[in-house]
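Next up, query-v4.csv (CSV, C-alpha atoms and all ligand atoms):
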chain,number,residue,atom,x,y,z
A,5,MET,CA,1.7,-24.1,-5.4
A,6,HIS,CA,0.4,-20.8,-4.2
A,7,TYR,CA,-1.7,-18.3,-6.1
A,8,GLY,CA,-1.8,-14.6,-5.4
A,9,ILE,CA,-4.3,-12.2,-7.0
A,10,ASP,CA,-4.0,-8.4,-6.8
A,11,VAL,CA,-7.2,-6.6,-7.8
A,12,GLY,CA,-6.4,-3.0,-8.9
A,13,GLY,CA,-8.7,-0.3,-10.2
A,14,THR,CA,-7.7,-1.0,-13.8
A,15,LYS,CA,-6.1,-4.4,-13.9
A,16,ILE,CA,-6.1,-7.7,-12.0
A,17,GLU,CA,-2.9,-9.7,-11.7
A,18,ILE,CA,-2.5,-13.3,-10.8
A,19,ALA,CA,0.7,-15.1,-10.1
A,20,ILE,CA,1.6,-18.7,-9.4
A,21,TYR,CA,4.4,-19.3,-6.9
A,22,ALA,CA,6.4,-22.4,-6.1
A,23,ARG,CA,7.0,-23.5,-2.5
A,24,ASP,CA,10.3,-21.4,-2.5
A,25,TRP,CA,8.4,-18.3,-3.7
A,26,GLN,CA,9.9,-18.4,-7.1
A,27,CYS,CA,7.3,-16.9,-9.5
A,28,LEU,CA,6.4,-19.6,-12.1
A,29,ASP,CA,3.8,-17.7,-14.1
A,30,ARG,CA,1.8,-14.5,-14.0
A,31,TRP,CA,-0.7,-12.6,-16.2
A,32,ARG,CA,-3.1,-9.7,-16.1
A,33,GLU,CA,-6.7,-9.0,-17.1
A,34,PRO,CA,-8.5,-5.6,-17.2
A,35,THR,CA,-10.7,-5.0,-14.1
A,36,PRO,CA,-14.4,-4.8,-14.8
A,37,ALA,CA,-14.6,-2.1,-12.1
A,38,ASP,CA,-18.3,-1.2,-12.5
A,39,ASP,CA,-19.7,-4.7,-12.7
A,40,GLY,CA,-19.4,-6.8,-9.5
A,41,GLU,CA,-20.8,-10.0,-10.9
A,42,ALA,CA,-18.4,-9.8,-13.9
A,43,LEU,CA,-15.5,-9.2,-11.6
A,44,LEU,CA,-16.3,-12.3,-9.4
A,45,ALA,CA,-16.8,-14.5,-12.5
A,46,LEU,CA,-13.4,-13.2,-13.9
A,47,LEU,CA,-11.6,-14.0,-10.6
A,48,ALA,CA,-13.1,-17.5,-10.6
A,49,GLY,CA,-12.0,-18.0,-14.2
A,50,MET,CA,-8.4,-16.8,-13.5
A,51,VAL,CA,-8.2,-19.3,-10.6
A,52,ARG,CA,-9.4,-22.1,-12.9
A,53,GLU,CA,-6.8,-21.1,-15.5
A,54,ALA,CA,-4.1,-21.1,-12.8
A,55,ASP,CA,-5.1,-24.7,-12.0
A,56,ARG,CA,-4.9,-25.6,-15.6
A,57,ARG,CA,-1.5,-24.1,-16.1
A,58,ASP,CA,-0.1,-25.4,-12.9
A,59,GLY,CA,-1.7,-28.8,-13.2
A,60,GLY,CA,-2.7,-28.7,-9.6
A,61,ARG,CA,-4.8,-26.8,-7.1
A,62,GLY,CA,-3.0,-23.9,-5.4
A,63,SER,CA,-3.7,-22.1,-2.2
A,64,LEU,CA,-5.2,-18.7,-2.8
A,65,GLY,CA,-4.9,-15.2,-1.4
A,66,LEU,CA,-6.5,-12.0,-2.9
A,67,GLY,CA,-5.5,-8.4,-2.3
A,68,PHE,CA,-8.0,-5.7,-2.8
A,69,PRO,CA,-7.8,-1.9,-2.8
A,70,GLY,CA,-9.9,-0.4,0.0
A,71,VAL,CA,-10.8,-1.5,3.5
A,72,LEU,CA,-12.7,-4.6,4.5
A,73,ASP,CA,-14.8,-4.3,7.6
A,74,GLU,CA,-15.3,-7.0,10.2
A,75,GLN,CA,-18.3,-8.4,8.3
A,76,GLY,CA,-16.3,-8.7,5.0
A,77,HIS,CA,-17.9,-5.6,3.4
A,78,LEU,CA,-15.5,-3.8,1.1
A,79,VAL,CA,-15.6,-0.1,2.0
A,80,ALA,CA,-13.7,3.0,0.7
A,81,ALA,CA,-12.7,1.1,-2.4
A,82,ASN,CA,-12.3,2.4,-5.9
A,83,LEU,CA,-14.5,-0.4,-7.3
A,84,PRO,CA,-18.0,0.9,-7.3
A,85,GLY,CA,-19.6,-2.3,-8.7
A,86,LEU,CA,-18.5,-4.2,-5.6
A,87,ARG,CA,-20.2,-2.0,-3.0
A,88,PRO,CA,-23.4,-4.0,-2.6
A,89,PHE,CA,-21.6,-7.2,-2.0
A,90,VAL,CA,-20.3,-8.7,1.2
A,91,LEU,CA,-17.1,-9.5,-0.6
A,92,GLU,CA,-16.0,-12.6,1.3
A,93,THR,CA,-19.5,-14.2,1.0
A,94,ALA,CA,-19.8,-13.4,-2.7
A,95,LEU,CA,-16.3,-14.7,-3.4
A,96,ALA,CA,-17.0,-17.9,-1.5
A,97,THR,CA,-19.9,-18.7,-3.9
A,98,HIS,CA,-17.7,-18.2,-6.9
A,99,LEU,CA,-14.4,-19.8,-5.8
A,100,ASP,CA,-14.0,-23.6,-5.2
A,101,ARG,CA,-11.5,-23.4,-2.3
A,102,ASP,CA,-10.6,-21.6,0.9
A,103,PHE,CA,-9.0,-18.2,0.4
A,104,ILE,CA,-7.8,-15.2,2.3
A,105,ILE,CA,-8.7,-11.6,1.2
A,106,GLU,CA,-6.8,-8.6,2.5
A,107,ASN,CA,-6.2,-5.0,1.7
A,108,ASP,CA,-3.4,-4.6,-0.9
A,109,SER,CA,-1.3,-2.3,1.3
A,110,ARG,CA,-1.3,-4.9,4.1
A,111,CYS,CA,-0.2,-7.5,1.5
A,112,PHE,CA,2.7,-5.2,0.7
A,113,VAL,CA,4.2,-5.4,4.2
A,114,VAL,CA,3.6,-9.2,4.3
A,115,SER,CA,5.6,-9.6,1.1
A,116,GLU,CA,8.4,-7.2,2.1
A,117,THR,CA,9.0,-9.0,5.4
A,118,GLY,CA,8.8,-12.4,3.8
A,119,PRO,CA,11.5,-14.4,1.9
A,120,GLY,CA,13.3,-12.2,-0.5
A,121,GLY,CA,11.7,-9.0,0.7
A,122,ALA,CA,13.5,-5.8,1.7
A,123,ALA,CA,13.0,-6.5,5.4
A,124,GLU,CA,13.1,-10.3,5.3
A,125,GLY,CA,12.7,-11.8,8.7
A,126,VAL,CA,12.0,-8.4,10.5
A,127,MET,CA,9.4,-9.1,13.2
A,128,HIS,CA,8.3,-5.5,13.7
A,129,ALA,CA,7.9,-3.5,10.5
A,130,PHE,CA,5.7,-0.9,8.9
A,131,GLY,CA,5.1,-0.8,5.1
A,132,ALA,CA,4.2,2.6,3.8
A,133,ILE,CA,3.0,2.9,0.2
A,134,LEU,CA,3.3,6.4,-1.4
A,135,GLY,CA,1.7,6.1,-4.8
A,136,THR,CA,-1.6,7.7,-5.9
A,137,GLY,CA,-2.6,7.2,-2.3
A,138,ALA,CA,-0.9,6.6,1.0
A,139,GLY,CA,-1.6,3.0,2.3
A,140,GLY,CA,0.1,1.0,4.9
A,141,GLY,CA,0.3,-2.0,7.1
A,142,ALA,CA,2.1,-3.2,10.1
A,143,MET,CA,3.8,-6.5,11.1
A,144,VAL,CA,3.9,-6.9,14.9
A,145,ASP,CA,5.8,-9.9,16.4
A,146,GLY,CA,5.9,-11.3,12.9
A,147,ARG,CA,2.2,-11.2,12.4
A,148,LEU,CA,0.1,-8.9,10.3
A,149,LEU,CA,-1.7,-6.4,12.5
A,150,LYS,CA,-5.4,-6.2,11.5
A,151,GLY,CA,-7.1,-4.9,14.6
A,152,ALA,CA,-10.7,-5.2,15.7
A,153,GLY,CA,-12.0,-3.4,12.6
A,154,ARG,CA,-9.6,-4.8,10.1
A,155,PHE,CA,-8.2,-1.4,9.1
A,156,ALA,CA,-5.1,-1.1,11.1
A,157,GLY,CA,-2.3,0.6,9.1
A,158,GLU,CA,-4.4,3.4,7.5
A,159,TRP,CA,-1.8,6.1,8.3
A,160,GLY,CA,-2.7,8.1,5.3
A,161,HIS,CA,-5.9,9.1,6.9
A,162,LEU,CA,-4.4,10.6,10.0
A,163,PRO,CA,-4.9,14.3,10.0
A,164,LEU,CA,-2.6,17.0,8.8
A,165,PRO,CA,-0.7,18.4,11.8
A,166,ALA,CA,-2.0,21.8,12.8
A,167,ALA,CA,1.5,23.2,13.3
A,168,ALA,CA,2.6,22.3,9.7
A,169,ALA,CA,-0.7,23.5,8.2
A,170,GLN,CA,-0.2,26.9,9.9
A,171,HIS,CA,3.5,27.1,9.1
A,172,TYR,CA,3.1,26.4,5.4
A,173,ASP,CA,-0.4,28.0,5.2
A,174,LEU,CA,-1.8,24.8,3.7
A,175,PRO,CA,-5.5,24.6,2.6
A,176,LEU,CA,-7.6,22.0,4.3
A,177,LEU,CA,-8.6,19.6,1.5
A,178,PRO,CA,-11.5,17.1,1.5
A,179,CYS,CA,-10.3,13.5,1.4
A,180,GLY,CA,-11.9,10.7,-0.6
A,181,CYS,CA,-12.6,8.9,2.6
A,182,GLY,CA,-15.0,11.6,3.7
A,183,LEU,CA,-12.8,13.2,6.3
A,184,GLU,CA,-11.1,16.6,5.9
A,185,ALA,CA,-7.3,17.3,5.6
A,186,CYS,CA,-6.1,13.7,5.7
A,187,LEU,CA,-2.4,13.4,5.2
A,188,GLU,CA,-2.8,11.3,2.1
A,189,GLY,CA,-3.8,14.4,0.1
A,190,TYR,CA,-0.5,16.0,0.8
A,191,ILE,CA,2.1,13.2,1.1
A,192,ALA,CA,1.2,10.8,-1.7
A,193,GLY,CA,2.3,11.5,-5.3
A,194,PRO,CA,-0.6,13.8,-6.2
A,195,GLY,CA,-0.2,15.5,-2.9
A,196,LEU,CA,3.4,16.4,-3.6
A,197,VAL,CA,2.3,17.9,-6.9
A,198,ARG,CA,-0.4,19.8,-5.0
A,199,LEU,CA,2.3,21.2,-2.6
A,200,HIS,CA,4.5,22.2,-5.5
A,201,ARG,CA,1.6,24.2,-7.0
A,202,HIS,CA,0.7,25.6,-3.6
A,203,PHE,CA,4.2,27.2,-3.5
A,204,GLY,CA,3.9,28.5,-7.1
A,205,GLY,CA,5.3,25.5,-9.1
A,206,ARG,CA,3.6,24.2,-12.2
A,207,SER,CA,4.3,20.4,-12.2
A,208,ALA,CA,1.6,18.0,-13.3
A,209,SER,CA,3.3,14.9,-11.9
A,210,ALA,CA,5.7,13.9,-9.1
A,211,GLU,CA,8.4,13.3,-11.8
A,212,GLN,CA,8.0,16.9,-13.0
A,213,TRP,CA,8.3,18.1,-9.4
A,214,HIS,CA,11.5,16.0,-9.1
A,215,GLN,CA,13.0,17.5,-12.2
A,216,ALA,CA,12.2,21.0,-11.0
A,217,TRP,CA,13.8,20.2,-7.6
A,218,LEU,CA,16.9,18.8,-9.2
A,219,ALA,CA,17.1,22.0,-11.2
A,220,GLY,CA,17.0,24.0,-8.0
A,221,GLU,CA,13.7,25.7,-8.5
A,222,GLY,CA,12.5,27.6,-5.4
A,223,ALA,CA,8.9,26.3,-5.3
A,224,ALA,CA,10.1,22.7,-5.8
A,225,ARG,CA,12.5,23.1,-2.9
A,226,ARG,CA,9.8,24.6,-0.7
A,227,ALA,CA,7.4,21.8,-1.6
A,228,ARG,CA,10.1,19.2,-0.7
A,229,GLU,CA,10.8,20.9,2.6
A,230,CYS,CA,7.0,20.8,3.4
A,231,HIS,CA,6.6,17.3,2.1
A,232,LEU,CA,9.4,16.0,4.2
A,233,ALA,CA,8.1,17.7,7.3
A,234,LEU,CA,4.7,16.1,6.8
A,235,LEU,CA,6.0,12.7,5.9
A,236,GLY,CA,8.6,12.7,8.6
A,237,GLY,CA,6.0,13.7,11.2
A,238,ALA,CA,3.5,11.1,10.0
A,239,LEU,CA,6.0,8.3,10.0
A,240,ALA,CA,7.3,9.4,13.5
A,241,ASN,CA,3.7,9.0,14.7
A,242,VAL,CA,3.7,5.5,13.4
A,243,VAL,CA,7.0,4.9,15.2
A,244,LYS,CA,5.6,6.2,18.5
A,245,LEU,CA,2.6,3.9,18.1
A,246,LEU,CA,4.2,0.7,16.9
A,247,SER,CA,8.0,1.0,17.5
A,248,PRO,CA,8.9,-0.8,14.2
A,249,GLN,CA,12.4,-1.9,13.5
A,250,ALA,CA,12.1,-1.2,9.8
A,251,ILE,CA,9.9,1.1,7.6
A,252,ILE,CA,9.6,-0.1,4.0
A,253,ILE,CA,8.6,2.5,1.4
A,254,GLY,CA,6.7,1.4,-1.7
A,255,GLY,CA,4.7,3.0,-4.5
A,256,GLY,CA,5.8,5.5,-7.1
A,257,LEU,CA,7.5,8.0,-4.8
A,258,SER,CA,9.8,5.2,-3.5
A,259,ALA,CA,11.7,5.6,-6.8
A,260,VAL,CA,12.9,9.0,-5.8
A,261,ASP,CA,16.2,8.1,-4.2
A,262,ASP,CA,16.9,11.3,-2.4
A,263,LEU,CA,13.4,11.2,-0.8
A,264,VAL,CA,14.0,7.8,0.7
A,265,MET,CA,17.5,8.8,1.9
A,266,ALA,CA,16.2,12.0,3.5
A,267,LEU,CA,13.5,10.2,5.5
A,268,PRO,CA,15.4,9.0,8.5
A,269,ALA,CA,16.5,12.5,9.5
A,270,ALA,CA,13.0,13.8,8.8
A,271,ILE,CA,11.5,11.2,11.0
A,272,GLY,CA,14.1,11.8,13.7
A,273,GLU,CA,13.1,15.4,14.0
A,274,HIS,CA,9.7,14.3,15.4
A,275,LEU,CA,11.0,11.8,17.9
A,276,PHE,CA,12.0,12.4,21.4
A,277,PRO,CA,15.6,11.8,22.7
A,278,GLY,CA,16.4,8.1,23.2
A,279,VAL,CA,14.0,6.9,20.5
A,280,GLU,CA,16.0,5.4,17.6
A,281,VAL,CA,14.8,6.0,14.0
A,282,PRO,CA,14.0,2.6,12.4
A,283,ASP,CA,15.8,1.5,9.3
A,284,VAL,CA,14.1,3.1,6.3
A,285,MET,CA,14.3,1.1,3.1
A,286,ARG,CA,12.8,0.9,-0.3
A,287,SER,CA,10.6,-2.0,-1.4
A,288,ARG,CA,12.6,-4.7,-3.1
A,289,LEU,CA,9.7,-6.4,-4.9
A,290,GLY,CA,8.1,-3.3,-6.3
A,291,ASP,CA,4.8,-3.8,-8.0
A,292,ALA,CA,4.9,-7.6,-7.4
A,293,SER,CA,4.6,-7.1,-3.6
A,294,GLY,CA,0.8,-7.0,-3.5
A,295,VAL,CA,0.2,-10.2,-5.4
A,296,ARG,CA,3.0,-12.0,-3.6
A,297,GLY,CA,1.8,-10.9,-0.2
A,298,ALA,CA,-1.7,-12.0,-1.0
A,299,ALA,CA,-0.3,-15.4,-2.0
A,300,MET,CA,1.7,-15.6,1.3
A,301,LEU,CA,-1.4,-14.9,3.3
A,302,GLY,CA,-3.3,-17.4,1.3
A,303,ALA,CA,-0.6,-20.0,1.9
A,304,GLY,CA,-0.9,-19.4,5.7
A,305,MET,CA,2.6,-18.2,6.0
A,306,MET,CA,1.8,-15.1,8.0
A,307,THR,CA,-0.8,-15.3,10.6
A,308,THR,CA,-2.7,-12.2,11.6
A,309,ALA,CA,-3.1,-10.4,14.9
A,401,ZN,ZN,-8.9,10.3,4.4
Represent the structure from my file as structure tokens, please.
Ligand SMILES: [Zn+2]
Amino acid sequence: MHYGIDVGGTKIEIAIYARDWQCLDRWREPTPADDGEALLALLAGMVREADRRDGGRGSLGLGFPGVLDEQGHLVAANLPGLRPFVLETALATHLDRDFIIENDSRCFVVSETGPGGAAEGVMHAFGAILGTGAGGGAMVDGRLLKGAGRFAGEWGHLPLPAAAAQHYDLPLLPCGCGLEACLEGYIAGPGLVRLHRHFGGRSASAEQWHQAWLAGEGAARRARECHLALLGGALANVVKLLSPQAIIIGGGLSAVDDLVMALPAAIGEHLFPGVEVPDVMRSRLGDASGVRGAAMLGAGMMTTA
């Protein structure tokens, strides 16, 4: 059996998978986000409970929000209680088996290129999550690309293109990562709402923007045009760097059909002649992708580069 754990800002999910990746059991616990010791004890307890339910001892992979540096420190995470820890070392003292930890967005692309995923078997793929943030990860030659600093795939923290900022008169917003005008603040769900308001709309959620756009509202249309220009440009940069065969879109915005359908043309506008736009597809496993990808990494299915 294989266990996957996905640690989120508000909940922790664990799932037990059979060898064929059928999910046998899954459950959730609230995240003790401001108490690192309590979080570690809870994770250890969930693994023991999985052993009890499974009647065995599964392999283990854990997905975390935020970036792990080369020493195993968790940085830029929405879990303040964990900051003083070297996460891998702290987990090793609480867990009774070998494990893999990885950023949750990287787990997403592992899952979506694995068995049953949207891009099953694709060797070169980029997974782009557009939810409350803009995370990502790349498979290169069938292996998860980590890079020397273990943060490869952080496309959301590439900067806003100057031409688009000027054309749409966009404000340069501070980003949670400490940099200024990262794309994430404009292309993720809250960013789309921000764009709508920038052009005079009043939405409070991406869903409200979508309703306004379907109704033909001018500000919503302008926000969509700007959003597609930014998103198309950002993903075209990814294409130029990594030459993926497929781009898999996940997160809340992936539910907007016409956004996913418009992306290939939007990406193509920023590529030079002779460069093909990769297949753009929506996540097949949805919210389960993170926990499944973590389990696959823990099972040693996908090696990392
Ligand atoms: Zn940033």
Between A:Gly180, A:Ile18, A:Arg228, A:Ile191, which one has atoms that come closest to Ala216 in chain A, using all atoms listed in the file?
->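 The closest residue to Ala216 in chain A is A:Arg228.
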Check which residues fall inside 6 Å of ligand ZN 401 (chain A) when counting all atoms listed in the file, and print them as a PyMOL selection string.
-> chain A and resi 161+179-181+183+186
Report the distance between CA of Ala224 in chain A and CA of Val281 in chain A in Å, rounded to one decimal place.
->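 Atom-to-atom, CA of Ala224 in chain A to CA of Val281 in chain A, that is 26.3 Å.
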What is the CA of Ala298 in chain A-CA of Phe68 in chain A distance in Å, reported with one decimal?
->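 CA of Ala298 in chain A sits 9.1 Å away from CA of Phe68 in chain A.
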How would you write as a ChimeraX atom specification the residues that get within 12 Å of (12.3, 3.5, -4.6) in the file's frame, counting all atoms listed in the file?
-> /A:122,132-135,252-265,284-291
Near Gly146 in chain A, counting all atoms listed in the file, which residues have an atom at most 12 Å away, once you skip same-chain residues fewer than 2 positions from it, shown as an NGL selection string?
-> :A and (113-118 or 123-130 or 142-144 or 148-149 or 248-249 or 305-309)
How would the residues just chosen look if you wrote them out with C-alpha atoms as a CSV table (one decimal), in the coordinates of the input?
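Generated file (selection-v8.csv):
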chain,number,residue,atom,x,y,z
A,113,VAL,CA,4.2,-5.4,4.2
A,114,VAL,CA,3.6,-9.2,4.3
A,115,SER,CA,5.6,-9.6,1.1
A,116,GLU,CA,8.4,-7.2,2.1
A,117,THR,CA,9.0,-9.0,5.4
A,118,GLY,CA,8.8,-12.4,3.8
A,123,ALA,CA,13.0,-6.5,5.4
A,124,GLU,CA,13.1,-10.3,5.3
A,125,GLY,CA,12.7,-11.8,8.7
A,126,VAL,CA,12.0,-8.4,10.5
A,127,MET,CA,9.4,-9.1,13.2
A,128,HIS,CA,8.3,-5.5,13.7
A,129,ALA,CA,7.9,-3.5,10.5
A,130,PHE,CA,5.7,-0.9,8.9
A,142,ALA,CA,2.1,-3.2,10.1
A,143,MET,CA,3.8,-6.5,11.1
A,144,VAL,CA,3.9,-6.9,14.9
A,148,LEU,CA,0.1,-8.9,10.3
A,149,LEU,CA,-1.7,-6.4,12.5
A,248,PRO,CA,8.9,-0.8,14.2
A,249,GLN,CA,12.4,-1.9,13.5
A,305,MET,CA,2.6,-18.2,6.0
A,306,MET,CA,1.8,-15.1,8.0
A,307,THR,CA,-0.8,-15.3,10.6
A,308,THR,CA,-2.7,-12.2,11.6
A,309,ALA,CA,-3.1,-10.4,14.9
In terms of the shortest atom-to-atom distance over all atoms listed in the file, which of A:Tyr7, A:Phe276, A:Trp31, A:Trp25 is closest to Asp55 in chain A?
->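 Comparing A:Tyr7, A:Phe276, A:Trp31, A:Trp25 against Asp55 in chain A, the winner is A:Tyr7.
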9 Å contact set for range 11-13 of chain A, only C-alpha atoms, chain neighbours under 3 positions out, as a ChimeraX atom specification = /A:16-18,34-37,66-69,81-83,108,295
Restrict the selected residues to C-alpha atoms and save them as an mmCIF file, in the coordinates of the input.
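In the end it all went to again.cif:
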data_model
loop_
_atom_site.group_PDB
_atom_site.id
_atom_site.type_symbol
_atom_site.label_atom_id
_atom_site.label_comp_id
_atom_site.auth_asym_id
_atom_site.auth_seq_id
_atom_site.Cartn_x
_atom_site.Cartn_y
_atom_site.Cartn_z
ATOM 1 C CA ILE A 16 -6.100 -7.700 -12.000
ATOM 2 C CA GLU A 17 -2.900 -9.700 -11.700
ATOM 3 C CA ILE A 18 -2.500 -13.300 -10.800
ATOM 4 C CA PRO A 34 -8.500 -5.600 -17.200
ATOM 5 C CA THR A 35 -10.700 -5.000 -14.100
ATOM 6 C CA PRO A 36 -14.400 -4.800 -14.800
ATOM 7 C CA ALA A 37 -14.600 -2.100 -12.100
ATOM 8 C CA LEU A 66 -6.500 -12.000 -2.900
ATOM 9 C CA GLY A 67 -5.500 -8.400 -2.300
ATOM 10 C CA PHE A 68 -8.000 -5.700 -2.800
ATOM 11 C CA PRO A 69 -7.800 -1.900 -2.800
ATOM 12 C CA ALA A 81 -12.700 1.100 -2.400
ATOM 13 C CA ASN A 82 -12.300 2.400 -5.900
ATOM 14 C CA LEU A 83 -14.500 -0.400 -7.300
ATOM 15 C CA ASP A 108 -3.400 -4.600 -0.900
ATOM 16 C CA VAL A 295 0.200 -10.200 -5.400
#
Taking (12.9, 18.8, -10.7) in the file's coordinates as the center, which residues reach within 12 Å of it, counting only C-alpha atoms, put as a PDB file with C-alpha atoms, in the frame of the given file?
ATOM      1  CA  VAL A 197       2.300  17.900  -6.900  1.00  0.00           C
ATOM      2  CA  HIS A 200       4.500  22.200  -5.500  1.00  0.00           C
ATOM      3  CA  GLY A 205       5.300  25.500  -9.100  1.00  0.00           C
ATOM      4  CA  ARG A 206       3.600  24.200 -12.200  1.00  0.00           C
ATOM      5  CA  SER A 207       4.300  20.400 -12.200  1.00  0.00           C
ATOM      6  CA  ALA A 208       1.600  18.000 -13.300  1.00  0.00           C
ATOM      7  CA  SER A 209       3.300  14.900 -11.900  1.00  0.00           C
ATOM      8  CA  ALA A 210       5.700  13.900  -9.100  1.00  0.00           C
ATOM      9  CA  GLU A 211       8.400  13.300 -11.800  1.00  0.00           C
ATOM     10  CA  GLN A 212       8.000  16.900 -13.000  1.00  0.00           C
ATOM     11  CA  TRP A 213       8.300  18.100  -9.400  1.00  0.00           C
ATOM     12  CA  HIS A 214      11.500  16.000  -9.100  1.00  0.00           C
ATOM     13  CA  GLN A 215      13.000  17.500 -12.200  1.00  0.00           C
ATOM     14  CA  ALA A 216      12.200  21.000 -11.000  1.00  0.00           C
ATOM     15  CA  TRP A 217      13.800  20.200  -7.600  1.00  0.00           C
ATOM     16  CA  LEU A 218      16.900  18.800  -9.200  1.00  0.00           C
ATOM     17  CA  ALA A 219      17.100  22.000 -11.200  1.00  0.00           C
ATOM     18  CA  GLY A 220      17.000  24.000  -8.000  1.00  0.00           C
ATOM     19  CA  GLU A 221      13.700  25.700  -8.500  1.00  0.00           C
ATOM     20  CA  GLY A 222      12.500  27.600  -5.400  1.00  0.00           C
ATOM     21  CA  ALA A 223       8.900  26.300  -5.300  1.00  0.00           C
ATOM     22  CA  ALA A 224      10.100  22.700  -5.800  1.00  0.00           C
ATOM     23  CA  ARG A 225      12.500  23.100  -2.900  1.00  0.00           C
ATOM     24  CA  ARG A 226       9.800  24.600  -0.700  1.00  0.00           C
ATOM     25  CA  ALA A 227       7.400  21.800  -1.600  1.00  0.00           C
ATOM     26  CA  ARG A 228      10.100  19.200  -0.700  1.00  0.00           C
ATOM     27  CA  VAL A 260      12.900   9.000  -5.800  1.00  0.00           C
ATOM     28  CA  ASP A 262      16.900  11.300  -2.400  1.00  0.00           C
TER      29      ASP A 262
END
Write out as a PyMOL selection string the residues lying within 10 Å of Glu106 in chain A, counting only C-alpha atoms and excluding same-chain residues fewer than 6 positions away.
-> chain A and resi 10+65-72+76+150+154-155+294+297-298+301-302
In terms of the shortest atom-to-atom distance over only C-alpha atoms, which of A:Asp283, A:Asp24, A:Asp102, A:Glu41 is closest to Gly62 in chain A?
->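 For Gly62 in chain A, the nearest of the candidates is A:Asp102.
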Tell me, in Å to one decimal, how far CA of Pro163 in chain A is from CA of Leu176 in chain A.
->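 Distance between the two atoms: 10.0 Å.
Take the candidates A:Asp100, A:Glu273, A:Asp73, A:Asp58 and check each one against Ala45 in chain A using only C-alpha atoms; the shortest distance goes to A:Asp100.
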If you count all atoms listed in the file, which residues fall within 12 Å of Trp159 in chain A, apart from same-chain ones fewer than 2 positions away, as a PyMOL selection string?
-> chain A and resi 109-110+130-134+137-142+155-157+161-164+186-189+191-192+235+237-243+245-246
